[in-house]
file structure29.cif (mmCIF, C-alpha atoms)
data_entry
#
loop_
_atom_site.label_atom_id
_atom_site.label_comp_id
_atom_site.auth_asym_id
_atom_site.auth_seq_id
_atom_site.Cartn_x
_atom_site.Cartn_y
_atom_site.Cartn_z
CA MET A 268 0.00 0.00 0.00
CA ALA A 269 1.08 3.54 -0.61
CA ALA A 270 0.61 5.98 2.25
CA SER A 271 1.93 8.91 0.28
CA LEU A 272 2.67 9.68 -3.31
CA SER A 273 6.43 9.80 -2.73
CA THR A 274 6.50 6.22 -1.44
CA ALA A 275 4.39 5.15 -4.39
CA VAL A 276 6.73 6.88 -6.82
CA SER A 277 9.82 5.40 -5.21
CA ALA A 278 8.19 1.94 -5.28
CA ILE A 279 7.54 2.41 -8.97
CA SER A 280 11.00 3.70 -9.76
CA GLY A 281 12.50 0.77 -7.85
CA LYS A 282 10.79 -1.75 -10.11
CA PHE A 283 10.27 0.09 -13.39
CA LYS A 284 12.14 2.50 -15.59
CA VAL A 285 10.93 6.07 -15.03
CA LEU A 286 12.12 8.22 -17.92
CA LYS A 287 11.01 11.50 -16.44
CA LYS A 288 9.24 12.70 -13.33
CA THR A 289 7.36 15.99 -13.46
CA GLU A 290 5.84 17.90 -10.56
CA PHE A 291 3.43 20.66 -11.47
CA ARG A 292 1.06 22.29 -9.00
CA GLY A 293 1.05 19.23 -6.81
CA GLU A 294 0.43 16.84 -9.67
CA THR A 295 2.93 14.10 -10.30
CA THR A 296 3.50 12.80 -13.79
CA LEU A 297 5.70 9.85 -14.61
CA GLN A 298 6.93 9.31 -18.14
CA VAL A 299 7.43 5.59 -18.48
CA GLU A 300 8.38 2.98 -21.05
CA ARG A 301 5.67 1.84 -23.38
CA ALA A 302 6.78 -1.80 -23.13
CA GLU A 303 6.38 -1.74 -19.35
CA ILE A 304 3.01 0.02 -19.11
CA LYS A 305 0.94 -3.12 -18.69
CA GLU A 306 3.02 -4.47 -15.83
CA LEU A 307 3.30 -1.03 -14.29
CA ALA A 308 -0.46 -0.54 -14.45
CA ARG A 309 -0.97 -3.91 -12.80
CA PHE A 310 1.59 -3.00 -10.13
CA CYS A 311 -0.12 0.34 -9.48
CA LYS A 312 -3.50 -1.28 -9.14
CA GLU A 313 -2.70 -4.46 -7.26
CA GLN A 314 0.35 -3.53 -5.17
CA LEU A 315 -0.01 0.22 -4.65
CA GLY A 316 -3.81 0.37 -4.51
CA PHE A 317 -4.58 2.78 -7.35
CA THR A 318 -7.89 1.04 -7.91
CA TYR A 319 -9.52 3.78 -9.97
CA LEU A 320 -8.60 4.81 -13.48
CA VAL A 321 -9.97 8.35 -13.67
CA ASP A 322 -9.19 8.83 -17.33
CA LEU A 323 -7.23 7.45 -20.22
CA SER A 324 -6.60 9.72 -23.16
CA GLY A 325 -4.48 10.22 -26.21
CA VAL A 326 -2.39 13.26 -27.11
CA ASP A 327 -1.14 14.23 -30.55
CA ASN A 328 2.11 16.22 -30.49
CA PHE A 329 2.12 16.74 -34.23
CA GLY A 330 5.59 17.51 -35.57
CA GLU A 331 7.42 15.84 -32.70
CA GLU A 332 8.78 12.35 -32.58
CA PRO A 333 7.34 10.20 -31.10
CA ARG A 334 4.12 11.79 -32.19
CA PHE A 335 1.50 10.42 -29.80
CA GLU A 336 1.15 10.01 -26.06
CA VAL A 337 -1.22 7.95 -23.98
CA VAL A 338 -2.01 9.38 -20.56
CA TYR A 339 -3.29 7.32 -17.64
CA GLU A 340 -4.84 9.18 -14.74
CA LEU A 341 -4.92 7.05 -11.58
CA TYR A 342 -6.56 7.62 -8.23
CA HIS A 343 -5.99 5.98 -4.87
CA PHE A 344 -9.25 6.01 -2.93
CA ALA A 345 -7.94 5.06 0.50
CA ASP A 346 -5.19 7.69 0.61
CA GLY A 347 -6.59 10.21 -1.84
CA LEU A 348 -3.60 10.17 -4.20
CA TYR A 349 -3.48 11.10 -7.85
CA LEU A 350 -0.84 9.75 -10.19
CA ARG A 351 -0.43 10.39 -13.90
CA LEU A 352 1.42 8.01 -16.16
CA LYS A 353 2.45 8.89 -19.69
CA ILE A 354 3.83 6.77 -22.48
CA SER A 355 5.05 7.85 -25.88
CA VAL A 356 3.71 6.19 -29.00
CA SER A 357 5.31 6.71 -32.38
CA GLU A 358 3.27 6.91 -35.54
CA ASP A 359 4.95 3.83 -37.01
CA GLU A 360 4.13 1.70 -34.00
CA LEU A 361 0.66 2.61 -32.80
CA GLU A 362 0.12 -0.47 -30.70
CA VAL A 363 -0.28 -0.13 -26.94
CA PRO A 364 -1.31 -2.95 -24.59
CA THR A 365 -4.83 -2.57 -23.25
CA VAL A 366 -5.52 -1.98 -19.57
CA SER A 367 -9.22 -2.71 -19.92
CA ASP A 368 -8.73 -6.06 -18.19
CA LEU A 369 -7.41 -4.20 -15.13
CA TRP A 370 -9.86 -1.29 -15.09
CA ALA A 371 -13.11 -2.01 -16.92
CA THR A 372 -13.59 1.71 -17.46
CA ALA A 373 -10.61 1.72 -19.82
CA ASP A 374 -12.72 -0.17 -22.36
CA TRP A 375 -14.57 2.89 -23.66
CA HIS A 376 -11.67 5.27 -23.01
CA GLU A 377 -9.45 3.17 -25.21
CA ARG A 378 -12.13 2.99 -27.87
CA GLU A 379 -12.31 6.76 -27.82
CA ALA A 380 -8.54 7.15 -28.09
CA TYR A 381 -8.62 4.69 -30.97
CA ASP A 382 -11.50 6.55 -32.61
CA MET A 383 -9.92 9.98 -32.33
CA TYR A 384 -6.20 9.22 -32.76
CA GLY A 385 -5.98 5.76 -34.27
CA ILE A 386 -3.99 4.30 -31.38
CA GLN A 387 -4.35 0.53 -31.40
CA PHE A 388 -4.90 -1.11 -28.04
CA ALA A 389 -3.71 -4.68 -28.27
CA GLY A 390 -5.87 -7.18 -26.40
CA HIS A 391 -8.89 -4.88 -26.19
CA PRO A 392 -12.10 -6.97 -26.21
CA GLU A 393 -13.87 -4.88 -28.85
CA LEU A 394 -11.75 -2.16 -30.35
CA LYS A 395 -14.17 -0.33 -32.62
CA ARG A 396 -15.10 3.30 -33.03
CA ILE A 397 -17.22 4.76 -30.24
CA LEU A 398 -18.14 8.28 -31.40
CA MET A 399 -17.71 8.26 -35.16
CA TRP A 400 -19.36 5.54 -37.21
CA GLU A 401 -17.69 2.30 -38.18
CA GLY A 402 -16.04 2.90 -41.55
CA TYR A 403 -15.24 6.60 -41.07
CA PRO A 404 -11.86 6.88 -42.77
CA PHE A 405 -10.17 9.54 -40.62
CA TYR A 406 -8.97 10.12 -37.08
CA PRO A 407 -10.49 13.53 -36.37
CA LEU A 408 -8.55 14.68 -33.30
CA ARG A 409 -5.21 14.35 -35.02
CA LYS A 410 -3.62 17.74 -35.51
CA ASP A 411 -3.30 17.31 -39.27
CA PHE A 412 -7.06 16.80 -39.56
CA PRO A 413 -8.81 20.07 -40.40
CA LEU A 414 -11.45 21.36 -37.97
CA ALA A 415 -13.89 21.72 -40.85
CA GLY A 416 -13.62 18.02 -41.55
CA ARG A 417 -13.19 16.06 -44.74
CA PRO A 418 -15.76 14.56 -47.08
CA SER A 419 -16.58 10.91 -46.63
CA GLU A 420 -19.34 8.58 -47.75
CA MET A 421 -20.60 5.32 -46.31
CA PRO A 422 -23.80 4.47 -48.20
CA ASP A 423 -26.78 3.90 -45.86
CA VAL A 424 -24.64 4.58 -42.79
CA ALA A 425 -23.39 8.14 -42.79
CA PHE A 426 -21.66 10.78 -44.83
CA SER A 427 -19.73 13.89 -43.95
CA LYS A 428 -18.91 17.16 -45.64
CA PRO A 429 -16.49 19.93 -44.71
CA ALA A 430 -18.17 22.63 -42.64
CA PRO A 431 -18.06 26.20 -43.95
CA LEU A 432 -15.70 28.06 -41.64
CA ALA A 433 -16.13 31.54 -43.15
CA GLY A 434 -12.80 32.91 -42.05
CA GLY A 435 -12.43 30.57 -39.12
CA PRO A 436 -11.41 28.66 -37.15
CA PHE A 437 -12.02 31.26 -34.49
CA VAL A 438 -9.45 30.71 -31.81
CA THR A 439 -8.41 32.42 -28.62
CA VAL A 440 -4.80 33.39 -28.03
CA PRO A 441 -3.23 32.75 -24.64
CA SER A 442 -1.84 36.09 -23.52
CA THR A 443 -2.11 38.74 -20.84
CA GLU A 444 -3.40 41.31 -23.33
CA THR A 445 -6.87 42.81 -23.13
CA THR A 446 -9.98 40.85 -23.97
CA LYS A 447 -10.05 42.48 -27.39
CA ASP A 448 -6.78 40.78 -28.28
CA ARG A 449 -7.52 37.48 -26.59
CA GLU A 450 -11.06 36.81 -27.72
CA PRO A 451 -11.86 34.35 -30.52
CA ARG A 452 -11.30 35.93 -33.90
CA SER A 453 -10.63 34.78 -37.38
CA ARG A 454 -6.92 34.11 -37.65
CA GLU A 455 -4.88 32.70 -40.47
CA ILE A 456 -4.00 29.07 -39.96
CA VAL A 457 -0.23 28.97 -39.61
CA MET B 58 -93.51 8.45 -60.97
CA PRO B 59 -89.80 9.28 -60.85
CA GLU B 60 -88.52 9.75 -57.36
CA THR B 61 -87.41 13.22 -56.52
CA SER B 62 -85.41 14.23 -53.54
CA PRO B 63 -87.02 16.87 -51.44
CA VAL B 64 -84.96 20.03 -51.60
CA ALA B 65 -86.48 22.42 -49.23
CA TYR B 66 -85.62 24.70 -46.42
CA ASP B 67 -85.23 22.80 -43.18
CA SER B 68 -85.37 24.93 -40.10
CA LYS B 69 -83.91 22.11 -37.96
CA ILE B 70 -80.46 22.32 -39.51
CA GLU B 71 -80.23 26.03 -39.71
CA GLY B 72 -77.11 27.21 -37.86
CA ASN B 73 -75.58 23.72 -37.95
CA VAL B 74 -74.37 23.95 -41.51
CA ILE B 75 -71.26 25.82 -42.51
CA ILE B 76 -70.47 26.35 -46.12
CA THR B 77 -66.77 26.45 -46.90
CA GLN B 78 -64.18 25.29 -49.38
CA LEU B 79 -62.91 21.74 -49.03
CA ASP B 80 -59.34 23.01 -48.95
CA ALA B 81 -60.09 25.35 -46.09
CA ALA B 82 -61.90 22.65 -44.15
CA MET B 83 -59.08 20.16 -44.59
CA ASN B 84 -56.46 22.70 -43.65
CA TRP B 85 -58.45 23.78 -40.62
CA MET B 86 -58.62 20.21 -39.39
CA ARG B 87 -54.97 19.55 -40.11
CA LYS B 88 -53.53 22.64 -38.55
CA ASN B 89 -55.36 22.18 -35.28
CA SER B 90 -54.33 18.59 -34.87
CA LEU B 91 -50.63 18.44 -35.68
CA TRP B 92 -49.09 15.34 -34.18
CA PRO B 93 -45.39 16.00 -33.68
CA MET B 94 -42.58 13.53 -34.12
CA PRO B 95 -40.25 14.75 -31.36
CA MET B 96 -36.79 14.40 -32.86
CA GLY B 97 -35.02 15.39 -29.67
CA LEU B 98 -31.28 15.24 -30.24
CA ALA B 99 -29.80 17.74 -27.79
CA CYS B 100 -30.68 20.45 -25.28
CA CYS B 101 -33.47 21.86 -27.49
CA ALA B 102 -35.36 18.70 -26.61
CA ILE B 103 -35.55 19.92 -23.00
CA GLU B 104 -37.30 23.08 -24.19
CA LEU B 105 -39.52 20.91 -26.38
CA MET B 106 -40.48 18.94 -23.28
CA ALA B 107 -41.16 22.20 -21.44
CA ALA B 108 -43.39 23.28 -24.31
CA GLY B 109 -45.30 20.06 -23.85
CA ALA B 110 -45.61 20.44 -20.09
CA SER B 111 -48.20 22.34 -18.11
CA ARG B 112 -46.71 25.84 -18.00
CA PHE B 113 -46.51 26.29 -21.76
CA ASP B 114 -48.87 23.52 -22.79
CA ILE B 115 -48.56 22.86 -26.49
CA ALA B 116 -52.01 21.23 -26.23
CA ARG B 117 -53.50 24.72 -26.55
CA PHE B 118 -52.50 24.52 -30.20
CA GLY B 119 -53.54 20.94 -30.75
CA ALA B 120 -50.03 19.57 -30.99
CA GLU B 121 -49.72 17.72 -27.72
CA VAL B 122 -49.86 14.21 -29.14
CA MET B 123 -46.16 13.45 -29.39
CA ARG B 124 -45.89 10.31 -31.44
CA PHE B 125 -42.77 8.22 -31.22
CA SER B 126 -43.83 6.34 -34.28
CA PRO B 127 -43.16 8.31 -37.45
CA ARG B 128 -46.09 6.61 -39.17
CA GLN B 129 -48.51 8.47 -36.91
CA SER B 130 -46.88 11.89 -37.08
CA ASP B 131 -47.54 15.03 -39.08
CA VAL B 132 -44.73 17.35 -38.11
CA MET B 133 -41.16 16.48 -37.29
CA ILE B 134 -39.64 18.82 -34.74
CA VAL B 135 -35.90 18.48 -35.15
CA ALA B 136 -34.76 19.68 -31.75
CA GLY B 137 -31.01 19.67 -31.42
CA THR B 138 -27.66 19.03 -33.02
CA VAL B 139 -27.78 16.66 -35.96
CA THR B 140 -24.48 14.84 -36.15
CA TYR B 141 -23.48 13.07 -39.32
CA LYS B 142 -23.78 9.81 -37.42
CA MET B 143 -27.45 10.58 -36.73
CA ALA B 144 -28.26 12.37 -39.99
CA LEU B 145 -29.35 9.43 -42.10
CA ALA B 146 -31.39 8.04 -39.21
CA VAL B 147 -33.32 11.32 -39.08
CA LYS B 148 -33.81 11.14 -42.84
CA ARG B 149 -35.04 7.59 -42.54
CA ILE B 150 -37.59 8.52 -39.88
CA TRP B 151 -38.71 11.46 -42.04
CA ASP B 152 -39.18 9.13 -44.99
CA GLN B 153 -41.40 6.90 -42.85
CA MET B 154 -43.78 9.74 -42.03
CA PRO B 155 -46.90 9.75 -44.22
CA GLU B 156 -47.81 12.73 -46.37
CA PRO B 157 -48.79 15.45 -45.74
CA LYS B 158 -45.90 16.20 -43.42
CA TRP B 159 -44.06 19.25 -42.22
CA CYS B 160 -40.77 19.92 -40.53
CA ILE B 161 -39.76 22.43 -37.88
CA ALA B 162 -36.02 23.02 -37.43
CA MET B 163 -35.87 24.01 -33.79
CA GLY B 164 -32.85 26.01 -32.71
CA ALA B 165 -29.58 27.09 -34.24
CA CYS B 166 -28.09 23.60 -34.57
CA ALA B 167 -30.95 22.05 -36.49
CA SER B 168 -31.22 25.16 -38.68
CA SER B 169 -27.58 25.69 -39.56
CA GLY B 170 -25.28 23.56 -37.46
CA GLY B 171 -25.21 26.35 -34.89
CA MET B 172 -21.95 26.81 -33.09
CA TYR B 173 -20.75 23.42 -34.27
CA ARG B 174 -18.70 24.32 -37.31
CA SER B 175 -17.02 20.99 -37.08
CA TYR B 176 -16.27 17.73 -38.77
CA ALA B 177 -18.99 15.86 -36.91
CA VAL B 178 -22.09 18.01 -37.34
CA LEU B 179 -24.46 18.32 -40.29
CA GLN B 180 -24.71 22.02 -41.12
CA GLY B 181 -28.48 22.24 -40.97
CA ILE B 182 -31.13 19.54 -41.33
CA ASP B 183 -32.39 21.31 -44.47
CA GLN B 184 -29.54 19.63 -46.32
CA LEU B 185 -31.44 16.38 -45.97
CA ILE B 186 -35.12 17.14 -45.50
CA PRO B 187 -37.29 20.13 -46.48
CA VAL B 188 -37.86 22.49 -43.56
CA ASP B 189 -41.02 24.59 -43.23
CA VAL B 190 -40.21 26.68 -40.18
CA TYR B 191 -36.84 27.61 -38.70
CA ILE B 192 -36.75 28.71 -35.07
CA SER B 193 -33.80 30.76 -33.89
CA GLY B 194 -32.35 30.46 -30.42
CA CYS B 195 -29.85 28.34 -28.58
CA PRO B 196 -32.02 26.80 -27.33
CA PRO B 197 -35.24 28.64 -28.22
CA ARG B 198 -37.62 29.21 -25.36
CA PRO B 199 -40.89 27.23 -25.42
CA GLU B 200 -42.72 30.40 -26.47
CA ALA B 201 -40.51 30.51 -29.55
CA LEU B 202 -41.43 26.95 -30.39
CA LEU B 203 -45.11 27.79 -29.97
CA GLU B 204 -44.64 30.82 -32.22
CA GLY B 205 -43.00 28.54 -34.77
CA LEU B 206 -45.89 26.14 -34.48
CA MET B 207 -48.36 28.98 -35.07
CA LYS B 208 -46.32 30.07 -38.10
CA LEU B 209 -46.61 26.53 -39.41
CA GLN B 210 -50.36 26.61 -38.80
CA ARG B 211 -50.62 29.81 -40.82
CA LYS B 212 -48.59 28.16 -43.56
CA ILE B 213 -50.87 25.13 -43.58
CA GLU B 214 -53.90 27.43 -43.90
CA THR B 215 -52.63 28.72 -47.22
CA GLU B 216 -51.86 25.34 -48.77
CA PRO B 217 -54.01 24.16 -51.68
CA ALA B 218 -54.42 20.89 -49.82
CA LEU B 219 -56.80 19.12 -52.15
CA ARG B 220 -55.22 20.14 -55.43
CA GLU B 221 -51.67 19.38 -54.32
CA GLN B 222 -52.09 16.32 -52.22
CA LYS B 223 -55.05 14.51 -53.76
CA ARG B 224 -54.08 14.65 -57.42
CA GLU B 225 -55.04 11.04 -58.12
CA LEU B 226 -58.42 11.49 -56.46
CA ILE B 227 -59.13 14.59 -58.52
CA ALA B 228 -58.03 12.83 -61.71
CA SER B 229 -60.30 9.85 -61.01
CA LEU B 230 -63.22 12.19 -60.24
CA SER B 231 -62.83 14.09 -63.49
CA ASP B 232 -62.49 10.78 -65.37
CA SER B 233 -65.74 9.47 -63.99
CA ALA B 234 -67.41 12.82 -64.69
CA ASN B 235 -66.48 12.45 -68.34
#

call {"tool": "encode", "arguments": {"input": "structure29.cif", "output": "structure tokens"}}
result
Amino acid sequence: MAASLSTAVSAISGKFKVLKKTEFRGETTLQVERAEIKELARFCKEQLGFTYLVDLSGVDNFGEEPRFEVVYELYHFADGLYLRLKISVSEDELEVPTVSDLWATADWHEREAYDMYGIQFAGHPELKRILMWEGYPFYPLRKDFPLAGRPSEMPDVAFSKPAPLAGGPFVTVPSTETTKDREPRSREIV
Amino acid sequence: MPETSPVAYDSKIEGNVIITQLDAAMNWMRKNSLWPMPMGLACCAIELMAAGASRFDIARFGAEVMRFSPRQSDVMIVAGTVTYKMALAVKRIWDQMPEPKWCIAMGACASSGGMYRSYAVLQGIDQLIPVDVYISGCPPRPEALLEGLMKLQRKIETEPALREQKRELIASLSDSAN
């Protein structure tokens, strides 16, 4: 059992390879090896007591290598601890072992990450699209997918057309300037 | 003796007979008994439910009989965001509704895609089915829906119901007349 996050982290780093440890505003993130994630997840759940998978999501760092990340958000009910695990996934090797056999909630989260980013979760009981329809040819949350969408056609199932953006997408800019400069406006896509 | 039908003034039916055009009579009956197909897809459906409940009471306009079977409906109220995943299902339900039928696009999303200028959302249900009344708002208040319904009633009043919708009947009548 883990009484505090530091003992949990040291228990993890004693058994597994931690590539990077980040502390930000009291949140601990461990960058770990993709090959070890299944065993590490099992260790976190069964030995350390992180019985709750809060979220599992994908990240697309378009232009970087490796391109994708999978983020696991864990929670320890008894001691109230949060722990975030991250693995890198390259575009050439999109396969990640499933954790849906450990946390049942990962089933739909992994389907969503597969639907939106195309990350393949090996060993998943039913890895099919969850939001878009079966047969949709794109992964819409990838950064190289336009917000307006792309045309597609699945007879008798669904179709899609690009949305008229009329000068958009309208995006905010993170800055300390006045509202006039920060608010969503039509900006050229760089 | 050939039989003749008595045509005479009958004081018993005076005041109980209204003379009108068939079109007007049909339209009058139709517009006051619109059975909606509630196509509730997003938050507009909550306002649609409010319009059906006691405070706003869509029954005052004869449209309280929400039918979840398209075969019994007259007007489809598309209330909410139509995603591409749902779009052909909406079309299919529309196709199952018998003529004459009308469509109300309730709210910004159903009318134009609303704030969802995105890959997943159909940019207005009028790309798939003909819309009679568009209601602005995000979501529109129940009063706005009732106003839209009254607009639709006024539209129905003006329709040449018999000539447009009973063409085969009229053709067979004129054939037998000749």

call {"tool": "residues_around", "arguments": {"input": "structure29.cif", "residues": "Arg220 of chain B", "least_positions_apart": "6", "cutoff": "10 Å", "atoms": "only C-alpha atoms", "output": "list in words"}}
result
Asp80, Leu226 and Ile227 of chain B

call {"tool": "interface_residues", "arguments": {"input": "structure29.cif", "of": "chain B", "to": "chain A", "cutoff": "12 Å", "atoms": "only C-alpha atoms", "output": "JSON, numbers by chain"}}
result
{"B": [139, 140, 141, 142, 143, 144, 145, 146, 147, 148, 149, 169, 170, 171, 172, 173, 174, 175, 176, 177, 178, 179, 180, 181, 184, 185]}

call {"tool": "residues_around", "arguments": {"input": "structure29.cif", "residues": "segment 328-344 of chain A", "least_positions_apart": "5", "cutoff": "8 Å", "atoms": "only C-alpha atoms", "output": "short mmCIF file (atom, residue, chain, number, x, y, z; two decimals) with C-alpha atoms, keeping the file's coordinate frame"}}
result
data_model
loop_
_atom_site.label_atom_id
_atom_site.label_comp_id
_atom_site.auth_asym_id
_atom_site.auth_seq_id
_atom_site.Cartn_x
_atom_site.Cartn_y
_atom_site.Cartn_z
CA GLY A 316 -3.81 0.37 -4.51
CA PHE A 317 -4.58 2.78 -7.35
CA THR A 318 -7.89 1.04 -7.91
CA TYR A 319 -9.52 3.78 -9.97
CA LEU A 320 -8.60 4.81 -13.48
CA VAL A 321 -9.97 8.35 -13.67
CA ASP A 322 -9.19 8.83 -17.33
CA LEU A 323 -7.23 7.45 -20.22
CA TYR A 349 -3.48 11.10 -7.85
CA LEU A 350 -0.84 9.75 -10.19
CA ARG A 351 -0.43 10.39 -13.90
CA LEU A 352 1.42 8.01 -16.16
CA LYS A 353 2.45 8.89 -19.69
CA ILE A 354 3.83 6.77 -22.48
CA SER A 355 5.05 7.85 -25.88
CA VAL A 356 3.71 6.19 -29.00
CA SER A 357 5.31 6.71 -32.38
CA GLU A 358 3.27 6.91 -35.54
CA ARG A 409 -5.21 14.35 -35.02
CA LYS A 410 -3.62 17.74 -35.51
CA ASP A 411 -3.30 17.31 -39.27
#

call {"tool": "closest_residue", "arguments": {"input": "structure29.cif", "among": "B:Glu225, B:Ser231, B:Leu98, B:Glu216", "to": "Ala82 of chain B", "atoms": "all atoms listed in the file"}}
result
B:Glu216

call {"tool": "atom_distance", "arguments": {"input": "structure29.cif", "atom1": "atom CA of Ala165 of chain B", "atom2": "atom CA of Met207 of chain B"}}
result
18.9 Å

call {"tool": "closest_residue", "arguments": {"input": "structure29.cif", "among": "B:Cys195, B:Leu203, B:Arg224, B:Met96", "to": "Glu121 of chain B", "atoms": "all atoms listed in the file"}}
result
B:Leu203

call {"tool": "atom_distance", "arguments": {"input": "structure29.cif", "atom1": "atom CA of Ser193 of chain B", "atom2": "atom CA of Ser168 of chain B"}}
result
7.8 Å

call {"tool": "resolve_selection", "arguments": {"input": "structure29.cif", "expression": "the PyMOL selection byres ((chain A and resi 395) around 10)", "output": "short mmCIF file (atom, residue, chain, number, x, y, z; two decimals) with C-alpha atoms, in the frame of the given file"}}
result
data_model
loop_
_atom_site.label_atom_id
_atom_site.label_comp_id
_atom_site.auth_asym_id
_atom_site.auth_seq_id
_atom_site.Cartn_x
_atom_site.Cartn_y
_atom_site.Cartn_z
CA TRP A 375 -14.57 2.89 -23.66
CA GLU A 377 -9.45 3.17 -25.21
CA ARG A 378 -12.13 2.99 -27.87
CA GLU A 379 -12.31 6.76 -27.82
CA TYR A 381 -8.62 4.69 -30.97
CA ASP A 382 -11.50 6.55 -32.61
CA GLN A 387 -4.35 0.53 -31.40
CA HIS A 391 -8.89 -4.88 -26.19
CA PRO A 392 -12.10 -6.97 -26.21
CA GLU A 393 -13.87 -4.88 -28.85
CA LEU A 394 -11.75 -2.16 -30.35
CA ARG A 396 -15.10 3.30 -33.03
CA ILE A 397 -17.22 4.76 -30.24
CA LEU A 398 -18.14 8.28 -31.40
CA MET A 399 -17.71 8.26 -35.16
CA TRP A 400 -19.36 5.54 -37.21
CA GLU A 401 -17.69 2.30 -38.18
CA GLY A 402 -16.04 2.90 -41.55
#

call {"tool": "atom_distance", "arguments": {"input": "structure29.cif", "atom1": "atom CA of Glu362 of chain A", "atom2": "atom CA of Leu286 of chain A"}}
result
19.6 Å

call {"tool": "residues_around", "arguments": {"input": "structure29.cif", "residues": "segment 275-282 of chain A", "least_positions_apart": "6", "cutoff": "12 Å", "atoms": "all atoms listed in the file", "output": "VMD selection string"}}
result
chain A and resid 268 to 269 288 to 290 295 to 300 303 to 304 306 to 312 314 to 317 341 to 343 346 348 to 352

call {"tool": "resolve_selection", "arguments": {"input": "structure29.cif", "expression": "the PyMOL selection byres ((chain B and resi 85) around 12)", "output": "PyMOL selection string"}}
result
chain B and resi 77-84+86-91+119+210-218

call {"tool": "closest_residue", "arguments": {"input": "structure29.cif", "among": "B:Ile134, B:Gln222, B:Ile182, B:Gly194", "to": "Met106 of chain B", "atoms": "all atoms listed in the file"}}
result
B:Ile134

call {"tool": "residues_around", "arguments": {"input": "structure29.cif", "residues": "Phe113 of chain B", "least_positions_apart": "3", "cutoff": "12 Å", "atoms": "only C-alpha atoms", "output": "list of chain:residue names"}}
result
B:Glu104, B:Leu105, B:Met106, B:Ala107, B:Ala108, B:Gly109, B:Ala110, B:Ala116, B:Arg117, B:Phe118, B:Ala120, B:Glu121, B:Arg198, B:Pro199, B:Glu200, B:Ala201, B:Leu202, B:Leu203, B:Glu204
